[in-house]
>>> print(open('upload.txt').read())   # compact mmCIF, C-alpha atoms and all ligand atoms
# COMPACT_ATOMS: atom_id res chain seq x y z
CA MET A 43 6.81 -19.68 13.36
CA ASN A 44 4.35 -20.61 10.72
CA ALA A 45 2.88 -19.56 7.44
CA SER A 46 -0.47 -20.85 6.42
CA SER A 47 -2.99 -20.23 3.71
CA THR A 48 -6.67 -19.93 4.26
CA GLY A 49 -9.10 -21.29 1.73
CA GLN A 50 -11.62 -18.72 2.91
CA PRO A 51 -10.62 -15.20 1.97
CA TYR A 52 -11.57 -13.45 5.17
CA PRO A 53 -11.77 -15.53 8.35
CA PRO A 54 -12.35 -13.49 11.52
CA PRO A 55 -9.16 -11.61 12.38
CA PRO A 56 -7.23 -12.48 15.53
CA ARG A 57 -7.45 -10.06 18.41
CA SER A 58 -4.64 -9.20 20.71
CA VAL A 59 -6.33 -6.51 22.74
CA ARG A 60 -4.82 -6.24 26.17
CA PRO A 61 -6.77 -4.89 29.11
CA ALA A 62 -6.34 -1.13 28.82
CA GLY A 63 -5.31 -0.60 32.39
CA ARG A 64 -2.48 -3.10 32.57
CA ARG A 65 1.03 -1.84 31.94
CA ARG A 66 2.98 -3.95 29.46
CA VAL A 67 6.18 -5.57 30.62
CA ARG A 68 8.96 -4.02 28.54
CA SER A 69 11.10 -6.30 26.43
CA ALA A 70 13.29 -5.88 23.41
CA ARG A 71 11.88 -4.46 20.19
CA VAL A 72 12.16 -6.82 17.21
CA ASP A 73 12.87 -5.29 13.79
CA PHE A 74 12.89 -6.84 10.32
CA LEU A 75 15.76 -5.04 8.58
CA VAL A 76 16.79 -4.82 4.94
CA ALA A 77 20.24 -3.71 3.71
CA LYS A 78 19.71 -0.50 1.77
CA ASP A 79 22.43 -1.36 -0.76
CA ASP A 80 21.28 -4.94 -1.34
CA LEU A 81 17.56 -5.53 -0.86
CA HIS A 82 18.10 -9.30 -0.83
CA ARG A 83 20.12 -9.05 2.38
CA CYS A 84 17.80 -8.99 5.37
CA ARG A 85 17.95 -9.91 9.04
CA VAL A 86 16.04 -9.65 12.28
CA ALA A 87 17.51 -7.52 15.05
CA GLU A 88 16.55 -6.90 18.63
CA ALA A 89 16.90 -3.49 20.20
CA ALA A 90 16.23 -2.55 23.80
CA GLU A 91 12.93 -0.73 24.16
CA ARG A 92 13.62 2.87 25.22
CA GLU A 93 11.70 4.43 28.09
CA LEU A 94 8.98 6.73 26.78
CA GLU A 95 9.53 10.45 27.03
CA PRO A 96 6.68 12.75 28.10
CA GLY A 97 4.20 13.10 25.22
CA GLN A 98 5.17 9.79 23.61
CA ALA A 99 3.21 6.55 23.25
CA LEU A 100 4.22 2.99 22.46
CA LEU A 101 2.29 1.03 19.82
CA SER A 102 2.41 -2.73 19.43
CA VAL A 103 2.40 -3.59 15.74
CA ASP A 104 -0.23 -6.31 15.66
CA ALA A 105 -0.37 -7.29 11.98
CA PHE A 106 0.41 -5.88 8.57
CA GLY A 107 -0.08 -6.59 4.88
CA LEU A 108 2.72 -7.19 2.39
CA SER A 109 2.49 -6.89 -1.41
CA ALA A 110 4.52 -5.54 -4.32
CA ASN A 111 3.68 -2.05 -3.05
CA ASN A 112 6.02 -2.54 -0.08
CA ILE A 113 8.79 -3.70 -2.39
CA THR A 114 8.44 -0.41 -4.25
CA TYR A 115 8.83 1.43 -0.94
CA ALA A 116 12.17 -0.37 -0.52
CA MET A 117 13.24 0.20 -4.14
CA PHE A 118 12.63 3.92 -3.73
CA GLY A 119 13.63 4.02 -0.07
CA GLU A 120 16.33 6.60 -0.64
CA ALA A 121 14.94 8.50 -3.62
CA MET A 122 11.47 8.98 -2.12
CA SER A 123 12.52 9.06 1.57
CA TYR A 124 10.63 5.89 2.47
CA TRP A 125 13.56 4.84 4.67
CA SER A 126 13.13 8.04 6.68
CA PHE A 127 9.82 7.16 8.33
CA PHE A 128 11.22 4.43 10.56
CA PRO A 129 14.99 4.95 10.78
CA ALA A 130 17.20 1.99 11.59
CA GLU A 131 20.89 1.53 12.24
CA GLU A 132 23.34 2.80 9.60
CA GLY A 133 23.02 1.00 6.26
CA TRP A 134 19.75 -0.76 7.15
CA GLY A 135 16.13 0.10 6.51
CA ARG A 136 12.74 -0.87 7.85
CA VAL A 137 10.38 -1.33 4.88
CA PRO A 138 7.15 0.52 5.65
CA VAL A 139 3.96 -1.52 5.87
CA TRP A 140 0.29 -0.78 6.57
CA GLY A 141 -1.48 -2.45 9.43
CA PHE A 142 -3.12 -2.34 12.83
CA ALA A 143 -1.48 -1.34 16.07
CA GLN A 144 -2.51 -0.80 19.65
CA VAL A 145 -1.39 1.73 22.21
CA ILE A 146 0.22 -0.41 24.89
CA ASP A 147 1.91 2.33 26.88
CA SER A 148 1.46 6.07 26.97
CA ARG A 149 2.92 9.20 28.48
CA HIS A 150 0.51 11.34 26.51
CA ASP A 151 -2.31 13.03 28.43
CA SER A 152 -4.95 12.56 25.72
CA LEU A 153 -4.08 9.12 24.41
CA GLY A 154 -4.67 6.21 26.74
CA ARG A 155 -3.58 2.62 26.52
CA GLY A 156 -5.84 0.29 24.58
CA ALA A 157 -6.60 2.56 21.60
CA ARG A 158 -6.51 0.55 18.40
CA VAL A 159 -5.37 2.30 15.23
CA TYR A 160 -4.67 1.71 11.54
CA GLY A 161 -1.75 3.33 9.77
CA TYR A 162 1.78 3.30 8.38
CA LEU A 163 4.06 1.09 10.46
CA PRO A 164 7.51 -0.47 10.50
CA PRO A 165 7.89 -4.26 10.24
CA SER A 166 8.73 -4.30 13.91
CA SER A 167 7.12 -5.49 17.10
CA THR A 168 6.58 -1.94 18.36
CA LEU A 169 6.71 1.71 17.29
CA THR A 170 7.22 4.76 19.50
CA VAL A 171 5.19 7.78 18.39
CA ALA A 172 4.79 11.36 19.60
CA PRO A 173 1.07 11.96 19.06
CA VAL A 174 -0.15 15.42 18.10
CA ARG A 175 -3.62 16.53 16.94
CA VAL A 176 -5.09 13.77 19.08
CA GLY A 177 -8.85 13.49 18.67
CA GLU A 178 -11.65 11.02 18.36
CA HIS A 179 -10.49 10.23 14.81
CA GLY A 180 -6.96 9.34 15.85
CA PHE A 181 -3.71 11.24 15.87
CA VAL A 182 -0.70 12.32 13.85
CA ASP A 183 2.82 11.19 14.73
CA GLY A 184 4.61 14.45 15.41
CA SER A 185 8.04 12.87 15.89
CA PRO A 186 10.61 15.39 14.59
CA HIS A 187 12.09 13.00 12.01
CA ARG A 188 8.66 12.67 10.33
CA ALA A 189 7.80 16.37 10.22
CA ALA A 190 9.07 16.97 6.68
CA LEU A 191 7.64 13.72 5.26
CA PRO A 192 4.30 13.56 3.38
CA ALA A 193 1.48 14.11 5.88
CA ALA A 194 -0.66 11.34 4.36
CA TYR A 195 1.67 8.75 5.90
CA ASN A 196 1.77 10.24 9.40
CA SER A 197 -1.89 9.84 10.44
CA TYR A 198 -3.18 6.99 12.60
CA ALA A 199 -6.93 6.36 12.45
CA ARG A 200 -8.80 5.02 15.46
CA VAL A 201 -10.73 2.03 14.20
CA GLU A 202 -14.01 2.99 15.86
CA ALA A 203 -14.06 6.39 14.14
CA ASP A 204 -12.82 5.25 10.73
CA PRO A 205 -15.67 5.20 8.18
CA SER A 206 -13.86 2.52 6.14
CA TYR A 207 -13.34 0.17 9.11
CA ASP A 208 -15.30 -3.04 9.35
CA PRO A 209 -14.06 -5.65 11.85
CA ARG A 210 -14.88 -8.41 9.35
CA HIS A 211 -12.48 -6.90 6.84
CA GLU A 212 -9.35 -6.18 8.84
CA TYR A 213 -7.17 -8.39 6.65
CA ALA A 214 -8.47 -6.70 3.54
CA GLN A 215 -7.88 -3.29 5.09
CA MET A 216 -4.22 -4.02 5.86
CA LEU A 217 -3.58 -5.29 2.37
CA LEU A 218 -5.83 -3.38 0.10
CA ARG A 219 -6.66 -0.07 1.72
CA PRO A 220 -3.47 1.77 0.69
CA LEU A 221 -3.74 0.32 -2.81
CA PHE A 222 -7.44 1.09 -3.16
CA PHE A 223 -6.82 4.56 -1.74
CA THR A 224 -4.34 5.20 -4.56
CA SER A 225 -6.66 3.73 -7.18
CA TRP A 226 -9.49 5.91 -5.91
CA LEU A 227 -7.23 8.95 -6.17
CA ILE A 228 -6.23 8.02 -9.74
CA ASP A 229 -9.90 7.57 -10.69
CA ASP A 230 -10.64 10.95 -9.11
CA PHE A 231 -7.62 12.52 -10.87
CA LEU A 232 -8.81 11.23 -14.26
CA ASP A 233 -12.28 12.63 -13.61
CA ASP A 234 -10.92 15.94 -12.29
CA GLY A 235 -8.66 16.34 -15.32
CA GLY A 236 -11.33 15.55 -17.91
CA LEU A 237 -9.40 12.43 -18.91
CA LEU A 238 -12.30 10.00 -18.60
CA SER A 239 -13.47 11.06 -22.04
CA ALA A 240 -10.56 9.06 -23.47
CA ASP A 241 -11.63 6.07 -25.56
CA VAL A 242 -9.13 3.75 -23.89
CA VAL A 243 -7.63 3.69 -20.41
CA VAL A 244 -4.61 1.37 -20.62
CA ILE A 245 -3.44 -0.03 -17.27
CA SER A 246 -0.19 -2.01 -17.01
CA SER A 247 0.44 -4.80 -14.49
CA ALA A 248 -3.30 -5.32 -14.73
CA SER A 249 -3.20 -8.39 -12.50
CA CYS A 250 -1.94 -6.44 -9.48
CA LYS A 251 -4.28 -5.23 -6.81
CA THR A 252 -3.75 -1.51 -7.43
CA ALA A 253 -4.62 -1.99 -11.11
CA SER A 254 -7.70 -4.13 -10.55
CA ALA A 255 -9.00 -1.68 -7.93
CA LEU A 256 -8.76 1.11 -10.52
CA ALA A 257 -10.45 -1.06 -13.13
CA PHE A 258 -13.19 -1.83 -10.59
CA LEU A 259 -13.79 1.90 -10.02
CA LEU A 260 -13.77 2.71 -13.74
CA ALA A 261 -16.15 -0.16 -14.46
CA ARG A 262 -18.43 1.22 -11.76
CA ARG A 263 -18.52 4.50 -13.66
CA GLY A 264 -19.51 2.56 -16.77
CA HIS A 265 -16.27 3.27 -18.66
CA GLY A 266 -16.20 0.53 -21.27
CA GLY A 267 -12.69 1.19 -22.61
CA VAL A 268 -10.56 -0.09 -19.75
CA LEU A 269 -7.78 -2.22 -21.15
CA GLY A 270 -5.58 -4.31 -18.86
CA LEU A 271 -2.03 -5.17 -19.92
CA THR A 272 -0.48 -8.13 -18.18
CA SER A 273 2.00 -10.95 -18.62
CA SER A 274 0.77 -14.09 -20.33
CA ARG A 275 0.90 -15.89 -16.95
CA GLY A 276 -1.51 -13.32 -15.47
CA ALA A 277 -3.95 -13.06 -18.37
CA GLU A 278 -6.44 -15.73 -17.37
CA PHE A 279 -6.67 -14.50 -13.80
CA THR A 280 -7.01 -10.88 -14.95
CA ARG A 281 -9.81 -11.69 -17.40
CA GLY A 282 -11.56 -13.66 -14.67
CA LEU A 283 -11.74 -10.55 -12.48
CA GLY A 284 -14.40 -9.24 -14.87
CA VAL A 285 -13.55 -5.55 -14.42
CA TYR A 286 -11.55 -4.95 -17.61
CA GLY A 287 -13.28 -4.35 -20.91
CA GLU A 288 -10.34 -6.11 -22.55
CA VAL A 289 -7.14 -7.83 -21.39
CA ALA A 290 -4.04 -8.07 -23.58
CA SER A 291 -0.54 -9.37 -23.02
CA TYR A 292 2.59 -7.21 -23.16
CA GLU A 293 3.43 -8.79 -26.51
CA GLU A 294 0.18 -7.48 -28.06
CA ILE A 295 0.66 -3.75 -27.45
CA SER A 296 1.20 -2.82 -31.10
CA SER A 297 -2.27 -4.13 -31.98
CA LEU A 298 -4.22 -2.48 -29.14
CA PRO A 299 -7.46 -0.70 -30.17
CA GLY A 300 -6.92 2.88 -31.36
CA GLY A 301 -8.44 6.18 -30.19
CA ARG A 302 -7.62 8.82 -27.61
CA ALA A 303 -5.88 7.03 -24.76
CA VAL A 304 -4.65 7.45 -21.19
CA PHE A 305 -1.86 5.26 -19.84
CA ILE A 306 -1.69 4.29 -16.17
CA ASP A 307 1.69 2.64 -15.78
CA ILE A 308 1.91 0.37 -12.75
CA ALA A 309 4.53 -2.02 -14.17
CA GLY A 310 7.25 0.64 -14.58
CA ASP A 311 8.66 -1.53 -17.35
CA ALA A 312 10.59 0.61 -19.88
CA GLY A 313 9.79 -1.71 -22.81
CA VAL A 314 6.07 -1.68 -22.03
CA ARG A 315 6.00 2.09 -21.57
CA ASP A 316 7.85 2.73 -24.82
CA ALA A 317 5.56 0.37 -26.74
CA VAL A 318 2.38 1.99 -25.37
CA HIS A 319 3.68 5.48 -26.20
CA ASP A 320 4.65 4.26 -29.65
CA ARG A 321 1.19 2.76 -30.21
CA TYR A 322 -0.76 5.90 -29.26
CA ARG A 323 1.73 8.76 -29.88
CA GLU A 324 -0.16 12.10 -30.11
CA GLN A 325 -3.40 10.27 -29.26
CA LEU A 326 -2.06 9.72 -25.75
CA ALA A 327 -3.69 12.35 -23.55
CA HIS A 328 -1.79 11.50 -20.37
CA SER A 329 0.80 9.01 -19.15
CA ALA A 330 0.88 8.46 -15.38
CA VAL A 331 3.76 6.70 -13.61
CA VAL A 332 2.15 4.90 -10.67
CA GLY A 333 4.27 1.88 -9.77
CA ALA A 334 7.19 -0.37 -10.53
CA THR A 335 6.06 -3.98 -10.15
CA HIS A 336 8.60 -4.84 -12.88
CA HIS A 337 11.38 -3.09 -10.96
CA ASP A 338 14.02 -5.17 -12.70
CA LYS A 339 13.01 -3.71 -16.08
CA MET A 340 13.00 0.01 -15.38
CA GLY A 341 15.08 2.01 -17.82
CA GLN A 342 16.01 5.48 -18.94
CA LEU A 343 13.30 7.72 -20.33
CA PRO A 344 14.26 8.34 -23.96
CA GLU A 345 14.16 11.97 -25.12
CA SER A 346 12.51 10.73 -28.30
CA LEU A 347 9.58 9.03 -26.50
CA PRO A 348 6.45 9.79 -28.56
CA GLY A 349 3.46 11.41 -26.82
CA PRO A 350 3.42 13.28 -23.49
CA ARG A 351 6.24 13.00 -20.95
CA PRO A 352 5.22 10.47 -18.29
CA ALA A 353 4.16 12.25 -15.09
CA PHE A 354 4.74 10.69 -11.69
CA PHE A 355 1.48 10.09 -9.79
CA PHE A 356 2.23 10.67 -6.15
CA ALA A 357 -0.83 9.78 -4.07
CA PRO A 358 0.04 12.06 -1.09
CA ASP A 359 -0.07 15.11 -3.38
CA ARG A 360 -3.63 14.29 -4.40
CA VAL A 361 -4.55 13.57 -0.77
CA ALA A 362 -3.24 17.02 0.18
CA LYS A 363 -5.24 18.67 -2.63
CA ARG A 364 -8.53 16.93 -1.85
CA ALA A 365 -8.06 17.32 1.93
CA ARG A 366 -7.67 21.08 1.36
CA GLU A 367 -10.84 21.16 -0.73
CA TRP A 368 -13.05 18.69 1.14
CA GLY A 369 -11.36 18.31 4.52
CA ARG A 370 -9.68 15.05 5.44
CA GLU A 371 -12.96 13.69 6.75
CA GLY A 372 -14.79 14.59 3.55
CA LEU A 373 -12.16 12.70 1.59
CA GLU A 374 -12.29 9.69 3.91
CA GLU A 375 -16.08 9.52 3.67
CA ARG A 376 -16.02 9.55 -0.13
CA ILE A 377 -13.40 6.80 -0.18
CA ALA A 378 -15.30 4.73 2.39
CA GLU A 379 -18.42 4.88 0.24
CA ALA A 380 -16.53 3.23 -2.62
CA TRP A 381 -14.39 0.98 -0.38
CA HIS A 382 -17.18 -1.15 1.08
CA PRO A 383 -18.49 -2.56 -2.24
CA TYR A 384 -14.90 -3.01 -3.42
CA VAL A 385 -13.99 -5.14 -0.40
CA GLU A 386 -17.09 -7.25 -0.90
CA TRP A 387 -15.95 -7.83 -4.47
CA THR A 388 -12.40 -8.83 -3.51
CA GLY A 389 -13.85 -11.36 -1.06
CA GLY A 390 -14.82 -13.36 -4.13
CA TRP A 391 -11.24 -13.91 -5.34
CA LEU A 392 -8.54 -12.72 -2.96
CA GLN A 393 -6.89 -15.43 -0.87
CA ILE A 394 -4.77 -14.45 2.08
CA THR A 395 -1.57 -16.17 3.14
CA HIS A 396 -0.99 -15.76 6.86
CA GLY A 397 2.44 -15.82 8.42
CA SER A 398 3.87 -15.13 11.84
CA GLY A 399 7.43 -14.85 13.03
CA ALA A 400 10.62 -13.59 11.50
CA GLU A 401 11.12 -16.46 9.05
CA ALA A 402 7.64 -16.06 7.61
CA VAL A 403 8.16 -12.30 7.18
CA GLU A 404 11.52 -12.83 5.48
CA ARG A 405 10.16 -15.52 3.15
CA ALA A 406 7.18 -13.40 2.11
CA TYR A 407 9.40 -10.36 1.56
CA LEU A 408 11.94 -12.27 -0.58
CA ASP A 409 9.18 -13.96 -2.61
CA LEU A 410 7.73 -10.56 -3.45
CA LEU A 411 11.15 -9.06 -4.16
CA ASP A 412 11.88 -11.83 -6.66
CA GLY A 413 8.46 -11.62 -8.33
CA ARG A 414 7.16 -14.92 -6.94
CA ILE A 415 3.69 -13.43 -6.79
CA ASP A 416 0.37 -15.14 -7.32
CA PRO A 417 -1.94 -12.23 -8.12
CA ALA A 418 -4.84 -13.97 -6.40
CA ARG A 419 -2.93 -14.05 -3.10
CA ALA A 420 -1.49 -11.61 -0.61
CA HIS A 421 0.28 -11.78 2.75
CA VAL A 422 -0.92 -10.79 6.19
CA LEU A 423 1.92 -11.07 8.69
CA THR A 424 2.91 -10.58 12.28
CA LEU A 425 6.55 -10.34 13.25
CA THR A 426 6.25 -11.77 16.71
CA THR A 427 4.12 -14.45 18.22
CA ARG A 428 2.61 -12.64 21.14
CA PRO A 429 1.07 -14.23 24.19
CA PRO A 430 -2.74 -14.36 23.90
N1 LIG B 1 2.23 6.03 -6.74
C1 LIG B 1 1.61 5.66 -5.63
O1 LIG B 1 1.25 6.52 -4.82
C2 LIG B 1 1.31 4.20 -5.37
C3 LIG B 1 0.44 3.82 -4.34
C4 LIG B 1 0.10 2.46 -4.17
C5 LIG B 1 0.70 1.49 -4.99
N2 LIG B 1 1.59 1.90 -5.94
C6 LIG B 1 2.30 0.91 -6.77
O2 LIG B 1 1.48 -0.03 -7.40
C7 LIG B 1 2.24 -1.22 -7.66
C8 LIG B 1 1.38 -2.44 -7.44
O3 LIG B 1 1.36 -2.84 -6.11
P1 LIG B 1 0.38 -4.04 -5.62
O4 LIG B 1 0.68 -4.20 -4.18
O5 LIG B 1 -0.99 -3.77 -6.11
O6 LIG B 1 0.97 -5.28 -6.42
P2 LIG B 1 0.67 -6.87 -6.31
O7 LIG B 1 -0.78 -7.09 -6.35
O8 LIG B 1 1.46 -7.47 -5.20
O9 LIG B 1 1.39 -7.17 -7.71
C9 LIG B 1 1.48 -8.35 -8.30
C10 LIG B 1 1.81 -8.17 -9.78
O10 LIG B 1 3.07 -7.56 -10.03
C11 LIG B 1 3.60 -8.04 -11.27
N3 LIG B 1 4.95 -8.53 -11.02
C12 LIG B 1 5.65 -8.34 -9.90
N4 LIG B 1 6.91 -8.85 -10.02
C13 LIG B 1 7.01 -9.34 -11.20
C14 LIG B 1 8.07 -9.99 -11.89
N5 LIG B 1 9.27 -10.19 -11.34
N6 LIG B 1 7.84 -10.41 -13.13
C15 LIG B 1 6.65 -10.21 -13.67
N7 LIG B 1 5.63 -9.58 -13.05
C16 LIG B 1 5.79 -9.15 -11.85
C17 LIG B 1 2.62 -9.04 -11.76
O11 LIG B 1 1.76 -8.32 -12.61
P3 LIG B 1 1.66 -8.46 -14.21
O12 LIG B 1 2.00 -9.86 -14.57
O13 LIG B 1 0.22 -8.11 -14.49
O14 LIG B 1 2.61 -7.46 -14.79
C18 LIG B 1 1.91 -9.43 -10.48
O15 LIG B 1 0.64 -9.97 -10.68
C19 LIG B 1 3.51 -1.14 -6.81
O16 LIG B 1 4.67 -0.85 -7.60
C20 LIG B 1 3.19 0.04 -5.90
O17 LIG B 1 4.30 0.73 -5.47
C21 LIG B 1 1.91 3.23 -6.13
>>> encode(input="upload.txt", output="structure tokens", more="lines below")
Ligand SMILES: NC(=O)c1ccc[n+]([C@@H]2O[C@H](COP(=O)([O-])OP(=O)(O)OC[C@H]3O[C@@H](n4cnc5c(N)ncnc54)[C@H](OP(=O)(O)O)[C@@H]3O)[C@@H](O)[C@H]2O)c1
Amino acid sequence: MNASSTGQPYPPPPRSVRPAGRRRVRSARVDFLVAKDDLHRCRVAEAAERELEPGQALLSVDAFGLSANNITYAMFGEAMSYWSFFPAEEGWGRVPVWGFAQVIDSRHDSLGRGARVYGYLPPSSTLTVAPVRVGEHGFVDGSPHRAALPAAYNSYARVEADPSYDPRHEYAQMLLRPLFFTSWLIDDFLDDGGLLSADVVVISSASCKTASALAFLLARRGHGGVLGLTSSRGAEFTRGLGVYGEVASYEEISSLPGGRAVFIDIAGDAGVRDAVHDRYREQLAHSAVVGATHHDKMGQLPESLPGPRPAFFFAPDRVAKRAREWGREGLEERIAEAWHPYVEWTGGWLQITHGSGAEAVERAYLDLLDGRIDPARAHVLTLTTRPP
């Protein structure tokens, strides 16, 4: 087991592609599990790999990214059904992650071994899927327990047909793609709703990757009023990103510049939210609840909160809307067009911490859970050390 940091942001990713024709020797599946009632309690369990049923395929989970986003999946595991994607034994959950996987066994007529895909995965060594709508772009997991869950999380994209894929940027894709995807959807939502005419777009937890991706997109549009709110420890880093018109600390909210404002709340911190609403009051055109990086400071929504009621921004709802209007491919192409320059930009500051093995996964998870986060860094992990 090891965890190492690279000085270079994006060294060439490791490959674990097995010859497509060779059948994998079955072993036990390894799962990283978290107690649903105490997110600090975690363990690694082994479960016997079940024989595939007709129509199923077995994916090896090759590598995945881990950031505050995954902690939010765990925090809202019950409320938002995040625990339901990859069920585990009673009382335990598998925190969803994004990463790359490979089909290593298949009893599906249209999906052969060797296909490499990107998608929503468990922190496990393998995942059994029941592919439906299999095509050159990938497939959807049609497993019955996923049928009622948001469709945006059930698709697996074949790397060779994915317009956002670049083999040089696999690490960035695992870490940043779901975050950038959300930021792109927020940027699109603001445009769609006529909210970009606001004088100020206030973004909390400005040092986090979701926030800076949104600021990057807004800066690209030429919006000069993007204001990042961050902790004093994150201020220097956040200013250095160069995508915010202004950066202020949480203590400075009462003296933020005036005008018509939009609030994109990624911190989920009740004190910050209340102070922003109090600063802008009826000048606040919209207040979007996006994240909860400060999950230890969430609080009740006061009835007396000035300005609009905060509205939850749920990315899959926007995906469904735009996929209806543009087709899923039309949406993917638009996002890819913005993704490539964004990834090039992150290459200038994002440092990746690599880890493999159960201990490395647990350490990274607990560090994130407890807020030991350097905004310039992010984790790329593998649960098992596989033979080359
Ligand atoms: N609604 C959606 O569909 C959607 C989709 C994607 C992501 N999100 C959300 O966006 C959020 C950001 O995720 P990310 O992966 O981009 O984050 P990240 O880069 O890993 O976040 C790091 C930042 O979180 C803040 N932070 C975390 N713990 C803290 C603590 N204990 N004390 C103080 N600050 C702490 C710090 O920001 P500051 O110091 O600047 O506050 C830190 O720089 C997550 O909550 C995620 O769920 C939502």
>>> residues_around(input="upload.txt", residues="Thr426 (chain A)", least_positions_apart="2", cutoff="8 Å", atoms="all atoms listed in the file", output="PyMOL selection string")
chain A and resi 72+167+398-400+424+428
>>> residues_around(input="upload.txt", residues="region 332-345 of chain A", least_positions_apart="4", cutoff="7 Å", atoms="all atoms listed in the file", output="ChimeraX atom specification")
/A:110,114,306-312,354-355
>>> atom_distance(input="upload.txt", atom1="CA of Met216 (chain A)", atom2="CA of Ala357 (chain A)")
17.3 Å
>>> closest_residue(input="upload.txt", among="A:Leu425, A:Leu232, A:Val244, A:Leu218", to="ligand LIG 1 (chain B)", atoms="all atoms listed in the file")
A:Leu218
>>> atom_distance(input="upload.txt", atom1="atom N2 of ligand LIG 1 (chain B)", atom2="CA of Val137 (chain A)")
14.3 Å
>>> residues_around(input="upload.txt", residues="Asp151 (chain A)", least_positions_apart="6", cutoff="12 Å", atoms="only C-alpha atoms", output="list in words")
Pro96, Gly97, Gln98, Ala99, Ala172, Pro173, Val174, Val176 and Gly177 of chain A
>>> residues_around(input="upload.txt", residues="Phe222 (chain A)", least_positions_apart="6", cutoff="8 Å", atoms="all atoms listed in the file", output="ChimeraX atom specification")
/A:251-252,255-256,381
>>> atom_distance(input="upload.txt", atom1="atom O16 of ligand LIG 1 (chain B)", atom2="CA of Glu294 (chain A)")
22.0 Å
>>> closest_residue(input="upload.txt", among="A:Glu386, A:Asp320, A:Glu379, A:Asp104", to="Ser166 (chain A)", atoms="all atoms listed in the file")
A:Asp104
>>> residues_around(input="upload.txt", residues="Ser239 (chain A)", least_positions_apart="6", cutoff="12 Å", atoms="all atoms listed in the file", output="PyMOL selection string")
chain A and resi 232-233+260+263-268+301-304+327-328
>>> axis_aligned_box(input="upload.txt", around="region 400-413 of chain A", padding_each_side="6 Å", output="JSON")
{"center_x": 9.6, "center_y": -12.8, "center_z": 1.6, "size_x": 16.8, "size_y": 19.4, "size_z": 31.8}
>>> decode(input="upload.txt", residues="region 377-387 of chain A", atoms="N, CA, C and O atoms", output="CSV table (one decimal), in the first residue's frame")
chain,number,residue,atom,x,y,z
A,377,ILE,N,-20.4,20.3,-23.5
A,377,ILE,CA,-19.6,20.3,-22.3
A,377,ILE,C,-18.1,20.0,-22.7
A,377,ILE,O,-17.2,20.6,-22.2
A,378,ALA,N,-17.9,19.1,-23.6
A,378,ALA,CA,-16.5,18.8,-24.1
A,378,ALA,C,-15.8,20.0,-24.6
A,378,ALA,O,-14.6,20.2,-24.3
A,379,GLU,N,-16.6,20.8,-25.3
A,379,GLU,CA,-16.0,22.0,-25.9
A,379,GLU,C,-15.4,23.0,-24.8
A,379,GLU,O,-14.3,23.5,-25.0
A,380,ALA,N,-16.1,23.0,-23.7
A,380,ALA,CA,-15.6,23.9,-22.6
A,380,ALA,C,-14.6,23.1,-21.7
A,380,ALA,O,-13.8,23.8,-21.1
A,381,TRP,N,-14.7,21.8,-21.7
A,381,TRP,CA,-13.9,21.0,-20.8
A,381,TRP,C,-12.4,21.1,-21.1
A,381,TRP,O,-11.6,21.2,-20.3
A,382,HIS,N,-12.1,21.0,-22.4
A,382,HIS,CA,-10.7,20.9,-22.8
A,382,HIS,C,-9.9,22.1,-22.4
A,382,HIS,O,-8.8,21.9,-21.7
A,383,PRO,N,-10.3,23.3,-22.6
A,383,PRO,CA,-9.5,24.4,-22.1
A,383,PRO,C,-9.5,24.5,-20.6
A,383,PRO,O,-8.5,24.9,-20.0
A,384,TYR,N,-10.6,24.0,-20.0
A,384,TYR,CA,-10.6,24.0,-18.5
A,384,TYR,C,-9.5,23.1,-17.9
A,384,TYR,O,-8.8,23.4,-17.0
A,385,VAL,N,-9.4,21.9,-18.5
A,385,VAL,CA,-8.4,20.9,-18.0
A,385,VAL,C,-7.0,21.5,-18.2
A,385,VAL,O,-6.1,21.3,-17.4
A,386,GLU,N,-6.8,22.1,-19.4
A,386,GLU,CA,-5.5,22.7,-19.6
A,386,GLU,C,-5.2,23.7,-18.5
A,386,GLU,O,-4.1,23.7,-18.0
A,387,TRP,N,-6.2,24.5,-18.1
A,387,TRP,CA,-6.0,25.5,-17.1
A,387,TRP,C,-5.7,24.8,-15.7
A,387,TRP,O,-4.7,25.3,-15.0
